[in-house]
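One structure is given here, and the rest of the page talks about it.
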Amino acid sequence: LKVERGRRVFPQSDRAADIVQALRRWVVDCGVTVRHSRVLEVLAADGAVTGVRLADGVLDADSVILATGGLSYPKTGSTGDGYDMAHACGHTIVPPRASLVPLVADGCAAMQGLSLKNVVLTVTDEHKRVLFDEMGELLFTHFGLSGPLVLAASAHMREWPGRYTAHINMKPALTPEQLDARLLRDMAAHPNKNAYNLLTLLLHASCIPVVLERTGLASDRSASVITKVQRQAVAACVQDFCFTVTGLRPVDEAVITAGGVAVKEIDPKTMQSKLLSGLYVVGELLDVDGYTGGYNLQIAWSTGYAAGCHA
């Protein structure tokens, strides 16, 4: 494994297929019989599991582990079937929703494809409360914002419809006073540059038209005649580049699904249902979710291991 920026843990090969192949090797080495068939329901009698009904028959079993995942990545088979099966067994389902998902935001299309590193993203709600504040990488898209920082921030935006604002500090290493001094030095060194060309010394070209429009500074205005008020407006915009978040992208674009089987109904030591003996619930099917970077895989490994040992 390797640890990347933002404490994200990945295989050194950067190939998800390597993880799948490793798991398959373990399955084969342990002598597990793999049977491919759609599971229709969990069967039970007298408060205990008796097996599962499959599309091609019934499989008797005194233990069943539900490990069907959430709603994310439906092409992998993660279509939410497990919620229905757990609910049919009496479990409470916390409404599933997207988490670690890109954000829909106004005013980003002009910067589509721009990736910013070492910026600080702060998310506030309608009451100006800070819900998220971290440094990392983000990406502008045609619909809004994406990238590791944005995915992590989305996990804190739980109430929809909601009113959230994304604040991007594009120069977090500088205090407002240092940024102002930097602009003054650039203006003194290049008095004949226009505002657009002057800002290329500070910002990526894709951002500059948006900053100029927001501050009301004409792109052809000479650096020598930019006023103190205009300079301070630019500095403020650079360190508080704001976007109104209007929603989340669809759950099938999310890294994971939040919500699921209520954890109060599951024994955390064994992952066995407290409602139905012999039924175990693990992974993303549970109402448990974490940040991107291996944390949700760890939830899957740990809960799956516990259930496997006790089942």
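Chain lettering (A, B, ...) mirrors the order of the structure tokens, residue numbering begins at 1 for each chain separately, and ligand numbering begins at 1 in order of display.
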
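These are the residues of stretch 89-194 of chain A assigned helix (DSSP H, G or I) by DSSP from backbone coordinates: Ala109, Ala110, Met111, Pro148, Leu149, Val150, Leu151, Ala152, Ala153, Ser154, Pro176, Glu177, Gln178, Leu179, Asp180, Ala181, Arg182, Leu183, Leu184, Arg185, Asp186, Met187, Ala188 and Ala189 of chain A.
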
Do a neighbour search on A:Gly259 at 6 Å with only C-alpha atoms, toss out local chain neighbours closer than 4 positions, and write the hits as a list of chain:residue names.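 Contacts, in chain order: A:Val94, A:Pro95, A:Pro96, A:Asp287.
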
Got time to write the residues from that selection, C-alpha atoms, as a PDB file, in the first residue's frame?
ATOM      1  CA  VAL A  94     -31.994   4.706   7.369  1.00  0.00           C
ATOM      2  CA  PRO A  95     -32.811   6.308   3.976  1.00  0.00           C
ATOM      3  CA  PRO A  96     -29.819   5.719   1.668  1.00  0.00           C
ATOM      4  CA  ASP A 287     -25.563   2.901   8.120  1.00  0.00           C
TER       5      ASP A 287
END

Counting only C-alpha atoms, the residue of A:Lys274, A:Ala44, A:Glu253, A:Ile93 that sits nearest A:Lys75: A:Glu253

Counting only C-alpha atoms, which residues in stretch 163-252 of chain A sit no more than 7 Å from stretch 121-127 of chain A? For each one, give the nearest pair of atoms and the distance in Å, sorted by chain then residue number, as a Markdown table.
| residue | atom | partner | partner_atom | distance |
| --- | --- | --- | --- | --- |
| A:Arg163 | CA | A:Glu126 | CA | 5.2 |
| A:Tyr164 | CA | A:Asp125 | CA | 4.5 |
| A:Thr165 | CA | A:Thr124 | CA | 5.4 |
| A:Ala166 | CA | A:Val123 | CA | 4.7 |
| A:His167 | CA | A:Thr122 | CA | 5.0 |
| A:Ile168 | CA | A:Leu121 | CA | 4.8 |
| A:Asn169 | CA | A:Leu121 | CA | 6.6 |

Residues near A:Val282, anyone? I mean within 12 Å using only C-alpha atoms, not counting same-chain ones fewer than 6 positions away, as a PyMOL selection string. chain A and resi 64-70+82-83+86+260-263+266-273+288-289+296-308+311

I need the residues from that last selection saved to file as a PDB file, in the first residue's frame (with C-alpha atoms), if you can.
ATOM      1  CA  VAL A  64     -26.522 -15.798   6.080  1.00  0.00           C
ATOM      2  CA  ILE A  65     -24.236 -12.770   5.639  1.00  0.00           C
ATOM      3  CA  LEU A  66     -25.761  -9.877   3.716  1.00  0.00           C
ATOM      4  CA  ALA A  67     -22.869  -8.142   1.950  1.00  0.00           C
ATOM      5  CA  THR A  68     -24.596  -6.589  -1.042  1.00  0.00           C
ATOM      6  CA  GLY A  69     -23.237  -3.038  -0.768  1.00  0.00           C
ATOM      7  CA  GLY A  70     -25.200   0.172  -1.108  1.00  0.00           C
ATOM      8  CA  GLY A  82     -29.826  -5.816   0.362  1.00  0.00           C
ATOM      9  CA  TYR A  83     -31.900  -3.005   1.870  1.00  0.00           C
ATOM     10  CA  ALA A  86     -32.891  -6.607   5.502  1.00  0.00           C
ATOM     11  CA  GLY A 260     -28.655   1.694   5.407  1.00  0.00           C
ATOM     12  CA  VAL A 261     -29.399  -0.844   8.129  1.00  0.00           C
ATOM     13  CA  ALA A 262     -29.626   0.894  11.514  1.00  0.00           C
ATOM     14  CA  VAL A 263     -26.520  -0.013  13.525  1.00  0.00           C
ATOM     15  CA  ILE A 266     -26.671  -5.045  14.860  1.00  0.00           C
ATOM     16  CA  ASP A 267     -24.283  -6.555  17.436  1.00  0.00           C
ATOM     17  CA  PRO A 268     -21.026  -4.620  16.803  1.00  0.00           C
ATOM     18  CA  LYS A 269     -18.822  -7.503  18.015  1.00  0.00           C
ATOM     19  CA  THR A 270     -20.257 -10.172  15.738  1.00  0.00           C
ATOM     20  CA  MET A 271     -22.256  -8.170  13.150  1.00  0.00           C
ATOM     21  CA  GLN A 272     -25.203 -10.490  13.850  1.00  0.00           C
ATOM     22  CA  SER A 273     -28.714  -9.107  13.697  1.00  0.00           C
ATOM     23  CA  VAL A 288     -21.819   3.534   8.399  1.00  0.00           C
ATOM     24  CA  ASP A 289     -19.638   5.628   6.105  1.00  0.00           C
ATOM     25  CA  ASN A 296     -14.796   2.494   3.626  1.00  0.00           C
ATOM     26  CA  LEU A 297     -12.844  -0.515   2.411  1.00  0.00           C
ATOM     27  CA  GLN A 298     -11.620  -0.915   5.990  1.00  0.00           C
ATOM     28  CA  ILE A 299     -15.234  -0.883   7.194  1.00  0.00           C
ATOM     29  CA  ALA A 300     -15.955  -3.663   4.699  1.00  0.00           C
ATOM     30  CA  TRP A 301     -12.876  -5.707   5.713  1.00  0.00           C
ATOM     31  CA  SER A 302     -13.459  -5.363   9.450  1.00  0.00           C
ATOM     32  CA  THR A 303     -17.201  -6.007   9.524  1.00  0.00           C
ATOM     33  CA  GLY A 304     -16.879  -8.823   6.987  1.00  0.00           C
ATOM     34  CA  TYR A 305     -14.099 -10.481   9.003  1.00  0.00           C
ATOM     35  CA  ALA A 306     -16.103 -10.274  12.236  1.00  0.00           C
ATOM     36  CA  ALA A 307     -19.214 -11.701  10.587  1.00  0.00           C
ATOM     37  CA  GLY A 308     -17.255 -14.442   8.843  1.00  0.00           C
ATOM     38  CA  ALA A 311     -21.092 -17.082  11.287  1.00  0.00           C
TER      39      ALA A 311
END

At what distance in Å, to one decimal, does atom CA of A:Ala218 lie from atom CA of A:Asn197?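 A separation of 11.6 Å between them.
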
Which of stretch 27-146 of chain A fall in strand (DSSP E), as JSON, numbers by chain: {"A": [39, 40, 41, 42, 43, 44, 45, 48, 49, 50, 51, 52, 53, 54, 57, 58, 59, 60, 64, 65, 66, 93, 94, 95, 96, 97, 98, 99, 103, 104, 105, 115, 116, 117, 118, 119, 120, 121, 122, 123, 124, 130, 131, 132, 133, 134, 135, 136, 137, 138, 139, 140, 144, 145, 146]}

Go through A:Leu131, A:Val9, A:Leu174, A:Leu149 and flag the residue nearest A:Ala235, using only C-alpha atoms for the distances. A:Leu174

Residue with smallest distance to A:Cys108 - pool A:His310, A:Arg25, A:His91, A:His142, counting only C-alpha atoms: A:His142

Exercise: A:Leu217 partners within 10 Å, only C-alpha atoms, chain neighbours under 2 positions left out, as number ranges by chain: A: 195-196, 209, 211-215, 219-221, 226-227, 230-231, 233-234

Take the residues from that selection and put them in a file with N, CA, C and O atoms, as a PDB file, in the first residue's frame.
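Heads up, here's the output in out-v4.pdb:
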ATOM      1  N   ALA A 195      -4.701  44.287 -16.039  1.00  0.00           N
ATOM      2  CA  ALA A 195      -5.125  43.515 -14.871  1.00  0.00           C
ATOM      3  C   ALA A 195      -5.077  42.015 -15.139  1.00  0.00           C
ATOM      4  O   ALA A 195      -4.648  41.236 -14.275  1.00  0.00           O
ATOM      5  N   TYR A 196      -5.500  41.606 -16.345  1.00  0.00           N
ATOM      6  CA  TYR A 196      -5.504  40.176 -16.663  1.00  0.00           C
ATOM      7  C   TYR A 196      -4.094  39.616 -16.613  1.00  0.00           C
ATOM      8  O   TYR A 196      -3.832  38.595 -15.963  1.00  0.00           O
ATOM      9  N   PRO A 209     -10.702  35.372 -15.443  1.00  0.00           N
ATOM     10  CA  PRO A 209     -11.922  36.058 -15.885  1.00  0.00           C
ATOM     11  C   PRO A 209     -13.018  36.069 -14.824  1.00  0.00           C
ATOM     12  O   PRO A 209     -13.759  37.061 -14.693  1.00  0.00           O
ATOM     13  N   VAL A 211     -12.571  35.938 -11.494  1.00  0.00           N
ATOM     14  CA  VAL A 211     -12.169  36.867 -10.433  1.00  0.00           C
ATOM     15  C   VAL A 211     -12.395  38.311 -10.877  1.00  0.00           C
ATOM     16  O   VAL A 211     -12.911  39.142 -10.107  1.00  0.00           O
ATOM     17  N   LEU A 212     -12.039  38.618 -12.108  1.00  0.00           N
ATOM     18  CA  LEU A 212     -12.222  39.985 -12.613  1.00  0.00           C
ATOM     19  C   LEU A 212     -13.707  40.362 -12.657  1.00  0.00           C
ATOM     20  O   LEU A 212     -14.090  41.465 -12.278  1.00  0.00           O
ATOM     21  N   GLU A 213     -14.527  39.414 -13.116  1.00  0.00           N
ATOM     22  CA  GLU A 213     -15.962  39.694 -13.190  1.00  0.00           C
ATOM     23  C   GLU A 213     -16.548  39.918 -11.803  1.00  0.00           C
ATOM     24  O   GLU A 213     -17.352  40.844 -11.594  1.00  0.00           O
ATOM     25  N   ARG A 214     -16.142  39.101 -10.842  1.00  0.00           N
ATOM     26  CA  ARG A 214     -16.698  39.216  -9.494  1.00  0.00           C
ATOM     27  C   ARG A 214     -16.267  40.504  -8.793  1.00  0.00           C
ATOM     28  O   ARG A 214     -17.005  41.036  -7.960  1.00  0.00           O
ATOM     29  N   THR A 215     -15.078  40.967  -9.117  1.00  0.00           N
ATOM     30  CA  THR A 215     -14.574  42.176  -8.449  1.00  0.00           C
ATOM     31  C   THR A 215     -14.875  43.453  -9.228  1.00  0.00           C
ATOM     32  O   THR A 215     -14.649  44.556  -8.716  1.00  0.00           O
ATOM     33  N   SER A 219     -10.489  43.954 -17.337  1.00  0.00           N
ATOM     34  CA  SER A 219      -9.308  43.160 -17.658  1.00  0.00           C
ATOM     35  C   SER A 219      -8.197  43.984 -18.288  1.00  0.00           C
ATOM     36  O   SER A 219      -7.012  43.639 -18.175  1.00  0.00           O
ATOM     37  N   ASP A 220      -8.561  45.090 -18.970  1.00  0.00           N
ATOM     38  CA  ASP A 220      -7.554  45.906 -19.645  1.00  0.00           C
ATOM     39  C   ASP A 220      -7.081  47.085 -18.799  1.00  0.00           C
ATOM     40  O   ASP A 220      -6.324  47.939 -19.277  1.00  0.00           O
ATOM     41  N   ARG A 221      -7.508  47.141 -17.552  1.00  0.00           N
ATOM     42  CA  ARG A 221      -7.086  48.252 -16.691  1.00  0.00           C
ATOM     43  C   ARG A 221      -5.605  48.116 -16.358  1.00  0.00           C
ATOM     44  O   ARG A 221      -5.138  47.044 -15.945  1.00  0.00           O
ATOM     45  N   ILE A 226      -4.693  50.723 -10.844  1.00  0.00           N
ATOM     46  CA  ILE A 226      -5.592  49.918 -10.015  1.00  0.00           C
ATOM     47  C   ILE A 226      -5.632  50.520  -8.619  1.00  0.00           C
ATOM     48  O   ILE A 226      -4.586  50.768  -8.002  1.00  0.00           O
ATOM     49  N   THR A 227      -6.823  50.765  -8.116  1.00  0.00           N
ATOM     50  CA  THR A 227      -6.968  51.433  -6.822  1.00  0.00           C
ATOM     51  C   THR A 227      -6.790  50.456  -5.665  1.00  0.00           C
ATOM     52  O   THR A 227      -6.818  49.231  -5.837  1.00  0.00           O
ATOM     53  N   GLN A 230      -9.854  48.266  -5.340  1.00  0.00           N
ATOM     54  CA  GLN A 230      -9.883  47.198  -6.335  1.00  0.00           C
ATOM     55  C   GLN A 230      -8.891  46.091  -5.984  1.00  0.00           C
ATOM     56  O   GLN A 230      -9.185  44.905  -6.111  1.00  0.00           O
ATOM     57  N   ARG A 231      -7.709  46.510  -5.532  1.00  0.00           N
ATOM     58  CA  ARG A 231      -6.681  45.532  -5.153  1.00  0.00           C
ATOM     59  C   ARG A 231      -7.155  44.660  -3.994  1.00  0.00           C
ATOM     60  O   ARG A 231      -6.992  43.442  -3.992  1.00  0.00           O
ATOM     61  N   ALA A 233     -10.226  44.069  -3.178  1.00  0.00           N
ATOM     62  CA  ALA A 233     -11.340  43.232  -3.630  1.00  0.00           C
ATOM     63  C   ALA A 233     -10.821  41.968  -4.304  1.00  0.00           C
ATOM     64  O   ALA A 233     -11.351  40.864  -4.103  1.00  0.00           O
ATOM     65  N   VAL A 234      -9.772  42.118  -5.103  1.00  0.00           N
ATOM     66  CA  VAL A 234      -9.168  40.966  -5.757  1.00  0.00           C
ATOM     67  C   VAL A 234      -8.589  40.012  -4.725  1.00  0.00           C
ATOM     68  O   VAL A 234      -8.798  38.790  -4.784  1.00  0.00           O
TER      69      VAL A 234
END

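With only C-alpha atoms as the atoms that count, the minimum distance from A:His190 to the choices A:Ala173, A:Val225, A:Val3, A:Ala45 is reached by A:Val225.
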
For A:Leu275, work out the shell of residues within 8 Å, counting only C-alpha atoms and skipping chain neighbours fewer than 4 positions away, then give it as a list in words. Gly47, Cys89, Gly90, His91 and Glu265 of chain A

I want to know what sits within 12 Å of A:Ser115, based on only C-alpha atoms, with residues of the same chain fewer than 2 positions away left out; could you give that as a PDB file with N, CA, C and O atoms, in the first residue's frame?
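As a result, result32.pdb now contains:
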ATOM      1  N   CYS A 108     -19.255  27.388 -12.267  1.00  0.00           N
ATOM      2  CA  CYS A 108     -18.010  26.626 -12.373  1.00  0.00           C
ATOM      3  C   CYS A 108     -17.664  26.224 -13.809  1.00  0.00           C
ATOM      4  O   CYS A 108     -16.522  25.854 -14.090  1.00  0.00           O
ATOM      5  N   MET A 111     -14.533  27.228 -15.747  1.00  0.00           N
ATOM      6  CA  MET A 111     -13.237  26.712 -15.271  1.00  0.00           C
ATOM      7  C   MET A 111     -13.157  25.198 -15.385  1.00  0.00           C
ATOM      8  O   MET A 111     -12.317  24.564 -14.752  1.00  0.00           O
ATOM      9  N   GLN A 112     -14.046  24.598 -16.161  1.00  0.00           N
ATOM     10  CA  GLN A 112     -14.111  23.146 -16.321  1.00  0.00           C
ATOM     11  C   GLN A 112     -12.732  22.559 -16.627  1.00  0.00           C
ATOM     12  O   GLN A 112     -12.026  23.037 -17.511  1.00  0.00           O
ATOM     13  N   GLY A 113     -12.333  21.539 -15.893  1.00  0.00           N
ATOM     14  CA  GLY A 113     -11.058  20.880 -16.103  1.00  0.00           C
ATOM     15  C   GLY A 113      -9.919  21.432 -15.270  1.00  0.00           C
ATOM     16  O   GLY A 113      -8.851  20.824 -15.199  1.00  0.00           O
ATOM     17  N   LYS A 117      -4.405  22.522  -6.466  1.00  0.00           N
ATOM     18  CA  LYS A 117      -3.771  21.786  -5.382  1.00  0.00           C
ATOM     19  C   LYS A 117      -3.413  22.730  -4.239  1.00  0.00           C
ATOM     20  O   LYS A 117      -3.224  23.928  -4.443  1.00  0.00           O
ATOM     21  N   ASN A 118      -3.333  22.170  -3.048  1.00  0.00           N
ATOM     22  CA  ASN A 118      -2.947  22.935  -1.859  1.00  0.00           C
ATOM     23  C   ASN A 118      -3.825  24.154  -1.639  1.00  0.00           C
ATOM     24  O   ASN A 118      -3.342  25.242  -1.329  1.00  0.00           O
ATOM     25  N   VAL A 119      -5.127  23.964  -1.829  1.00  0.00           N
ATOM     26  CA  VAL A 119      -6.086  25.011  -1.510  1.00  0.00           C
ATOM     27  C   VAL A 119      -6.873  24.566  -0.274  1.00  0.00           C
ATOM     28  O   VAL A 119      -6.891  23.391   0.085  1.00  0.00           O
ATOM     29  N   GLY A 136      -6.310  20.596   0.466  1.00  0.00           N
ATOM     30  CA  GLY A 136      -6.113  19.470  -0.435  1.00  0.00           C
ATOM     31  C   GLY A 136      -6.293  19.874  -1.878  1.00  0.00           C
ATOM     32  O   GLY A 136      -5.959  20.994  -2.272  1.00  0.00           O
ATOM     33  N   GLU A 137      -6.860  18.952  -2.660  1.00  0.00           N
ATOM     34  CA  GLU A 137      -7.036  19.160  -4.093  1.00  0.00           C
ATOM     35  C   GLU A 137      -8.517  19.157  -4.459  1.00  0.00           C
ATOM     36  O   GLU A 137      -9.305  18.427  -3.862  1.00  0.00           O
ATOM     37  N   LEU A 138      -8.857  19.972  -5.443  1.00  0.00           N
ATOM     38  CA  LEU A 138     -10.224  19.941  -5.971  1.00  0.00           C
ATOM     39  C   LEU A 138     -10.201  20.202  -7.463  1.00  0.00           C
ATOM     40  O   LEU A 138      -9.196  20.650  -8.027  1.00  0.00           O
ATOM     41  N   LEU A 139     -11.329  19.929  -8.089  1.00  0.00           N
ATOM     42  CA  LEU A 139     -11.446  20.013  -9.542  1.00  0.00           C
ATOM     43  C   LEU A 139     -12.736  20.723  -9.918  1.00  0.00           C
ATOM     44  O   LEU A 139     -13.800  20.427  -9.360  1.00  0.00           O
ATOM     45  N   PHE A 140     -12.645  21.666 -10.854  1.00  0.00           N
ATOM     46  CA  PHE A 140     -13.838  22.314 -11.401  1.00  0.00           C
ATOM     47  C   PHE A 140     -14.362  21.472 -12.571  1.00  0.00           C
ATOM     48  O   PHE A 140     -13.586  20.987 -13.392  1.00  0.00           O
ATOM     49  N   THR A 141     -15.675  21.302 -12.631  1.00  0.00           N
ATOM     50  CA  THR A 141     -16.299  20.533 -13.702  1.00  0.00           C
ATOM     51  C   THR A 141     -17.406  21.358 -14.357  1.00  0.00           C
ATOM     52  O   THR A 141     -17.698  22.472 -13.909  1.00  0.00           O
ATOM     53  N   LEU A 145     -18.228  21.095  -8.643  1.00  0.00           N
ATOM     54  CA  LEU A 145     -16.950  20.820  -8.002  1.00  0.00           C
ATOM     55  C   LEU A 145     -16.780  19.323  -7.741  1.00  0.00           C
ATOM     56  O   LEU A 145     -17.730  18.632  -7.378  1.00  0.00           O
ATOM     57  N   SER A 146     -15.533  18.858  -7.895  1.00  0.00           N
ATOM     58  CA  SER A 146     -15.219  17.467  -7.607  1.00  0.00           C
ATOM     59  C   SER A 146     -13.798  17.412  -7.056  1.00  0.00           C
ATOM     60  O   SER A 146     -13.203  18.430  -6.725  1.00  0.00           O
ATOM     61  N   GLY A 147     -13.251  16.201  -6.941  1.00  0.00           N
ATOM     62  CA  GLY A 147     -11.915  16.034  -6.395  1.00  0.00           C
ATOM     63  C   GLY A 147     -11.955  15.586  -4.937  1.00  0.00           C
ATOM     64  O   GLY A 147     -12.992  15.640  -4.277  1.00  0.00           O
ATOM     65  N   PRO A 148     -10.806  15.127  -4.406  1.00  0.00           N
ATOM     66  CA  PRO A 148     -10.752  14.566  -3.048  1.00  0.00           C
ATOM     67  C   PRO A 148     -11.325  15.468  -1.962  1.00  0.00           C
ATOM     68  O   PRO A 148     -12.071  15.007  -1.088  1.00  0.00           O
ATOM     69  N   LEU A 149     -10.988  16.763  -1.988  1.00  0.00           N
ATOM     70  CA  LEU A 149     -11.498  17.684  -0.973  1.00  0.00           C
ATOM     71  C   LEU A 149     -13.017  17.761  -1.013  1.00  0.00           C
ATOM     72  O   LEU A 149     -13.690  17.736   0.032  1.00  0.00           O
ATOM     73  N   VAL A 150     -13.554  17.859  -2.202  1.00  0.00           N
ATOM     74  CA  VAL A 150     -14.997  18.031  -2.376  1.00  0.00           C
ATOM     75  C   VAL A 150     -15.741  16.764  -1.952  1.00  0.00           C
ATOM     76  O   VAL A 150     -16.789  16.837  -1.304  1.00  0.00           O
ATOM     77  N   MET A 170      -7.567  30.146  -2.429  1.00  0.00           N
ATOM     78  CA  MET A 170      -6.594  29.708  -3.419  1.00  0.00           C
ATOM     79  C   MET A 170      -5.157  30.019  -3.021  1.00  0.00           C
ATOM     80  O   MET A 170      -4.215  29.505  -3.633  1.00  0.00           O
ATOM     81  N   HIS A 204      -4.152  30.759 -11.868  1.00  0.00           N
ATOM     82  CA  HIS A 204      -4.294  30.028 -13.123  1.00  0.00           C
ATOM     83  C   HIS A 204      -5.184  30.839 -14.055  1.00  0.00           C
ATOM     84  O   HIS A 204      -6.147  31.487 -13.633  1.00  0.00           O
ATOM     85  N   ALA A 205      -4.861  30.799 -15.341  1.00  0.00           N
ATOM     86  CA  ALA A 205      -5.566  31.631 -16.323  1.00  0.00           C
ATOM     87  C   ALA A 205      -7.069  31.389 -16.335  1.00  0.00           C
ATOM     88  O   ALA A 205      -7.850  32.332 -16.573  1.00  0.00           O
ATOM     89  N   SER A 206      -7.520  30.157 -16.054  1.00  0.00           N
ATOM     90  CA  SER A 206      -8.948  29.856 -16.086  1.00  0.00           C
ATOM     91  C   SER A 206      -9.728  30.608 -15.015  1.00  0.00           C
ATOM     92  O   SER A 206     -10.922  30.875 -15.172  1.00  0.00           O
ATOM     93  N   CYS A 207      -9.058  30.914 -13.898  1.00  0.00           N
ATOM     94  CA  CYS A 207      -9.737  31.605 -12.787  1.00  0.00           C
ATOM     95  C   CYS A 207      -9.867  33.101 -13.010  1.00  0.00           C
ATOM     96  O   CYS A 207     -10.775  33.743 -12.474  1.00  0.00           O
TER      97      CYS A 207
END

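Of the listed residues A:Ala98, A:Leu276, A:Cys242, A:Leu183, the one whose atoms come nearest to A:Trp160 is A:Ala98, with distances taken using only C-alpha atoms.
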
Just the number, please: distance in Å from atom CA of A:Ser78 to atom CA of A:Thr50, one decimal. 24.3 Å

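Taking only C-alpha atoms into account, A:His87 lies nearest to A:Val281 out of the set A:Asp56, A:Val281, A:Ser13, A:Leu114.
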
State, in Å with one decimal place, the distance from atom CA of A:Ala152 to atom CA of A:Thr246.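 So the two atoms, atom CA of A:Ala152 and atom CA of A:Thr246, lie 16.9 Å apart.
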
Neighbour list for A:Arg53 as a list in words, cut-off 7 Å, only C-alpha atoms, skip fewer than 4 positions in-chain: Val39, Leu40, Glu41, Val42, Leu43, Gly57, Val58 and Leu59 of chain A

If you keep all heavy atoms, can you produce a file of those selected residues as a tab-separated table (two decimals), in the first residue's frame?
chain	number	residue	atom	x	y	z
A	39	VAL	N	-30.15	-13.66	-5.33
A	39	VAL	CA	-30.82	-13.95	-4.06
A	39	VAL	C	-32.11	-13.14	-4.01
A	39	VAL	O	-32.09	-11.91	-4.15
A	39	VAL	CB	-29.92	-13.60	-2.86
A	39	VAL	CG1	-30.64	-13.91	-1.55
A	39	VAL	CG2	-28.62	-14.38	-2.95
A	40	LEU	N	-33.23	-13.81	-3.80
A	40	LEU	CA	-34.53	-13.13	-3.78
A	40	LEU	C	-34.97	-12.74	-2.38
A	40	LEU	O	-35.58	-11.68	-2.18
A	40	LEU	CB	-35.58	-14.03	-4.43
A	40	LEU	CG	-35.28	-14.48	-5.87
A	40	LEU	CD1	-36.39	-15.38	-6.38
A	40	LEU	CD2	-35.11	-13.27	-6.79
A	41	GLU	N	-34.66	-13.60	-1.39
A	41	GLU	CA	-35.05	-13.27	-0.02
A	41	GLU	C	-34.32	-14.18	0.96
A	41	GLU	O	-33.83	-15.26	0.61
A	41	GLU	CB	-36.56	-13.42	0.18
A	41	GLU	CG	-37.08	-14.84	0.01
A	41	GLU	CD	-38.56	-14.98	0.33
A	41	GLU	OE1	-39.02	-14.30	1.26
A	41	GLU	OE2	-39.22	-15.78	-0.35
A	42	VAL	N	-34.25	-13.69	2.20
A	42	VAL	CA	-33.72	-14.50	3.29
A	42	VAL	C	-34.89	-15.26	3.91
A	42	VAL	O	-35.93	-14.68	4.22
A	42	VAL	CB	-33.04	-13.61	4.35
A	42	VAL	CG1	-32.57	-14.47	5.54
A	42	VAL	CG2	-31.87	-12.84	3.75
A	43	LEU	N	-34.71	-16.55	4.11
A	43	LEU	CA	-35.75	-17.39	4.69
A	43	LEU	C	-35.50	-17.57	6.19
A	43	LEU	O	-34.35	-17.71	6.62
A	43	LEU	CB	-35.79	-18.75	4.00
A	43	LEU	CG	-36.02	-18.71	2.48
A	43	LEU	CD1	-35.93	-20.11	1.90
A	43	LEU	CD2	-37.36	-18.07	2.15
A	57	GLY	N	-33.70	-21.74	-7.08
A	57	GLY	CA	-33.97	-22.72	-6.04
A	57	GLY	C	-33.77	-22.18	-4.65
A	57	GLY	O	-33.63	-20.96	-4.44
A	58	VAL	N	-33.74	-23.07	-3.67
A	58	VAL	CA	-33.54	-22.69	-2.27
A	58	VAL	C	-32.23	-23.27	-1.78
A	58	VAL	O	-31.90	-24.43	-2.06
A	58	VAL	CB	-34.71	-23.21	-1.39
A	58	VAL	CG1	-34.42	-23.01	0.09
A	58	VAL	CG2	-36.01	-22.51	-1.77
A	59	LEU	N	-31.48	-22.45	-1.03
A	59	LEU	CA	-30.23	-22.89	-0.43
A	59	LEU	C	-30.41	-22.88	1.08
A	59	LEU	O	-30.62	-21.83	1.68
A	59	LEU	CB	-29.08	-21.96	-0.83
A	59	LEU	CG	-27.70	-22.30	-0.28
A	59	LEU	CD1	-27.23	-23.65	-0.81
A	59	LEU	CD2	-26.69	-21.21	-0.64
